[in-house]
$ cat run20.txt   # compact mmCIF, C-alpha atoms
# COMPACT_ATOMS: atom_id res chain seq x y z
CA MET G 1 119.78 92.86 113.82
CA ARG G 2 119.76 91.05 110.51
CA TYR G 3 117.27 91.14 107.67
CA TRP G 4 115.76 88.33 105.65
CA LEU G 5 113.28 87.46 102.94
CA VAL G 6 111.15 84.31 102.94
CA LYS G 7 109.05 83.04 100.07
CA SER G 8 105.70 81.31 100.19
CA GLU G 9 103.28 80.31 97.49
CA PRO G 10 100.02 82.08 98.39
CA PHE G 11 97.89 78.99 97.72
CA LYS G 12 99.98 77.09 100.30
CA TYR G 13 100.41 79.82 102.91
CA SER G 14 99.38 83.41 102.18
CA TRP G 15 100.05 86.65 104.03
CA ASP G 16 96.35 86.84 104.92
CA ARG G 17 96.51 83.39 106.51
CA PHE G 18 99.70 84.37 108.32
CA VAL G 19 97.99 87.47 109.77
CA LYS G 20 95.00 85.38 110.83
CA ASP G 21 97.28 82.79 112.50
CA LYS G 22 99.27 85.57 114.27
CA GLU G 23 102.38 83.32 114.38
CA THR G 24 103.68 80.25 112.60
CA TYR G 25 106.72 78.06 112.30
CA TRP G 26 108.40 78.33 108.92
CA ASP G 27 108.57 74.74 107.68
CA GLY G 28 109.11 72.90 104.43
CA VAL G 29 112.61 74.25 103.75
CA ARG G 30 114.52 71.48 101.99
CA ASN G 31 117.48 73.36 100.59
CA TYR G 32 120.73 73.44 102.57
CA GLN G 33 121.52 77.10 101.86
CA ALA G 34 118.00 78.15 102.88
CA ARG G 35 118.25 75.90 105.97
CA ASN G 36 121.55 77.53 106.92
CA ASN G 37 119.87 80.93 106.61
CA LEU G 38 117.12 79.78 109.00
CA LYS G 39 119.84 78.77 111.46
CA GLU G 40 121.32 82.28 111.26
CA MET G 41 118.05 84.02 112.15
CA LYS G 42 117.95 85.58 115.60
CA LEU G 43 115.10 86.64 117.84
CA GLY G 44 113.75 89.99 116.65
CA ASP G 45 115.28 89.88 113.16
CA LEU G 46 112.99 91.37 110.53
CA VAL G 47 111.77 89.30 107.59
CA LEU G 48 110.13 90.33 104.33
CA PHE G 49 107.28 88.04 103.26
CA TYR G 50 107.24 87.33 99.52
CA HIS G 51 104.44 85.66 97.57
CA SER G 52 106.12 83.45 94.97
CA ASN G 53 104.68 81.99 91.77
CA GLU G 54 101.32 83.82 92.14
CA GLY G 55 101.71 87.55 92.48
CA LYS G 56 105.50 87.62 92.84
CA ASN G 57 105.31 90.44 95.39
CA VAL G 58 106.79 91.35 98.74
CA VAL G 59 103.61 91.90 100.74
CA GLY G 60 104.66 92.53 104.34
CA ILE G 61 107.11 92.40 107.22
CA ALA G 62 107.42 89.70 109.87
CA LYS G 63 109.76 89.18 112.79
CA VAL G 64 111.53 86.15 114.20
CA THR G 65 109.84 85.13 117.47
CA LYS G 66 111.75 81.89 118.09
CA GLU G 67 115.16 80.82 116.83
CA PHE G 68 115.71 77.57 114.94
CA TYR G 69 114.65 74.16 116.21
CA GLN G 70 113.91 70.75 114.70
CA ASP G 71 111.27 70.86 111.95
CA PRO G 72 108.24 69.14 113.53
CA THR G 73 107.00 67.98 110.11
CA THR G 74 109.90 65.55 109.63
CA ASN G 75 112.07 63.14 111.62
CA ASP G 76 115.09 64.10 109.53
CA ASN G 77 117.43 66.08 111.80
CA ASN G 78 118.80 68.01 108.81
CA TRP G 79 115.79 70.33 108.71
CA VAL G 80 114.86 73.18 111.02
CA VAL G 81 112.19 75.85 111.44
CA VAL G 82 111.94 79.28 113.05
CA ASN G 83 108.82 80.96 114.37
CA LEU G 84 107.64 84.12 112.65
CA ALA G 85 104.91 86.65 113.46
CA PRO G 86 103.48 89.32 111.14
CA VAL G 87 104.40 92.93 111.87
CA GLU G 88 103.01 95.06 109.04
CA ALA G 89 101.33 94.64 105.67
CA PHE G 90 102.64 96.79 102.85
CA LYS G 91 100.36 99.52 101.54
CA LYS G 92 101.61 98.61 98.07
CA PRO G 93 103.07 95.17 97.32
CA VAL G 94 106.57 95.40 95.83
CA SER G 95 106.70 93.34 92.65
CA LEU G 96 109.62 91.27 91.45
CA GLU G 97 109.61 93.44 88.32
CA VAL G 98 110.09 96.60 90.41
CA ILE G 99 112.89 94.90 92.36
CA LYS G 100 114.67 93.73 89.20
CA ASN G 101 114.52 97.24 87.73
CA ASP G 102 115.68 99.04 90.88
CA GLU G 103 119.35 100.03 90.77
CA TYR G 104 119.79 99.23 94.49
CA LEU G 105 118.08 95.83 94.36
CA LYS G 106 118.98 94.26 91.02
CA ASN G 107 121.66 92.02 92.57
CA ILE G 108 119.82 90.65 95.62
CA ALA G 109 119.39 86.89 96.01
CA LEU G 110 115.71 87.13 95.05
CA VAL G 111 116.88 88.14 91.57
CA LYS G 112 120.13 86.18 91.34
CA GLN G 113 119.01 82.95 93.08
CA GLY G 114 115.33 82.86 92.21
CA ARG G 115 114.70 79.38 93.65
CA LEU G 116 116.17 80.12 97.10
CA SER G 117 113.30 80.28 99.61
CA VAL G 118 115.07 81.94 102.57
CA MET G 119 117.67 84.61 101.93
CA GLY G 120 119.55 87.35 103.69
CA LEU G 121 119.36 91.05 102.87
CA ASN G 122 121.58 93.88 104.00
CA SER G 123 120.02 96.84 105.79
CA ASP G 124 120.08 99.07 102.68
CA GLU G 125 118.27 96.43 100.59
CA PHE G 126 115.71 95.80 103.32
CA ASN G 127 115.08 99.52 103.83
CA ARG G 128 114.75 100.13 100.09
CA ILE G 129 112.06 97.43 99.75
CA LEU G 130 110.42 98.74 102.92
CA ALA G 131 110.26 102.27 101.47
CA LEU G 132 108.76 100.95 98.21
CA GLY G 133 106.13 98.98 100.14
CA ARG G 134 105.13 101.91 102.30
CA GLU G 135 104.54 104.25 99.34
CA SER G 136 100.90 105.15 98.94

$ encode --input "run20.txt" --output "structure tokens"
Amino acid sequence: MRYWLVKSEPFKYSWDRFVKDKETYWDGVRNYQARNNLKEMKLGDLVLFYHSNEGKNVVGIAKVTKEFYQDPTTNDNNWVVVNLAPVEAFKKPVSLEVIKNDEYLKNIALVKQGRLSVMGLNSDEFNRILALGRES
């Protein structure tokens, strides 16, 4: 199993909307590195859901329910989507500030490549953010 983080601006697609929808395809990725990360996602991989711009918080966990296929919002074969479904909302959103100040997380792509919308995490990074989000 691999671990990922995806970013969404809440006014475009929020966690609450995601939960209401129960599943979605993750579209709109127009960066080759992010696209390559989508192509690496496998069925059952776990994905952290991050609200960018507004909030700047990891707010929940999703899982990959369908591996990559052609992005239905474009005819350009360069772009793909995966399907995601929500798994769990965090009790406490994990802010970018907390992540930047955490010794274990200060070098993750969310900090080092702030504009990347789909990024990989190792299991220690994923589990650290998970623990922070489950704190009450």

$ residues_around --input "run20.txt" --residues "region 112-122 of chain G" --least-positions-apart "2" --cutoff "9 Å" --atoms "all atoms listed in the file" --output "list in words"
Arg2, Tyr3, Trp4, Leu5, Val6, Lys7, Ser8, Val29, Asn31, Gln33, Ala34, Arg35, Asn36, Asn37, Leu38, Val47, Lys106, Asn107, Ile108, Ala109, Leu110, Asp124, Glu125, Phe126 and Asn127 of chain G

$ residues_near_point --input "run20.txt" --point "(114.9, 78.6, 115.3)" --cutoff "6 Å" --atoms "all atoms listed in the file" --output "PDB file with C-alpha atoms, in the frame of the given file"
ATOM      1  CA  LYS G  66     111.750  81.890 118.090  1.00  0.00           C
ATOM      2  CA  GLU G  67     115.160  80.820 116.830  1.00  0.00           C
ATOM      3  CA  PHE G  68     115.710  77.570 114.940  1.00  0.00           C
ATOM      4  CA  TYR G  69     114.650  74.160 116.210  1.00  0.00           C
ATOM      5  CA  VAL G  81     112.190  75.850 111.440  1.00  0.00           C
ATOM      6  CA  VAL G  82     111.940  79.280 113.050  1.00  0.00           C
TER       7      VAL G  82
END

$ closest_residue --input "run20.txt" --among "G:Phe18, G:Phe11, G:Tyr25, G:Trp79" --to "Gly55 (chain G)" --atoms "all atoms listed in the file"
G:Phe11

$ closest_residue --input "run20.txt" --among "G:Val58, G:Val64, G:Val87, G:Met1" --to "Gly133 (chain G)" --atoms "only C-alpha atoms"
G:Val58

$ atom_distance --input "run20.txt" --atom1 "CA of Gly44 (chain G)" --atom2 "CA of Lys63 (chain G)"
5.6 Å

$ closest_residue --input "run20.txt" --among "G:Asp76, G:Glu9, G:Asp16, G:Asp21" --to "Lys56 (chain G)" --atoms "all atoms listed in the file"
G:Glu9

$ atom_distance --input "run20.txt" --atom1 "CA of Trp26 (chain G)" --atom2 "CA of Asn83 (chain G)"
6.1 Å

$ atom_distance --input "run20.txt" --atom1 "CA of Phe90 (chain G)" --atom2 "CA of Val59 (chain G)"
5.4 Å

$ closest_residue --input "run20.txt" --among "G:Leu132, G:Leu43, G:Ala62, G:Val80" --to "Arg30 (chain G)" --atoms "all atoms listed in the file"
G:Val80

$ closest_residue --input "run20.txt" --among "G:Glu97, G:Asp102, G:Glu54, G:Asp27" --to "Gln70 (chain G)" --atoms "all atoms listed in the file"
G:Asp27

$ closest_residue --input "run20.txt" --among "G:Asn57, G:Leu46, G:Asn77, G:Leu130" --to "Ser95 (chain G)" --atoms "only C-alpha atoms"
G:Asn57
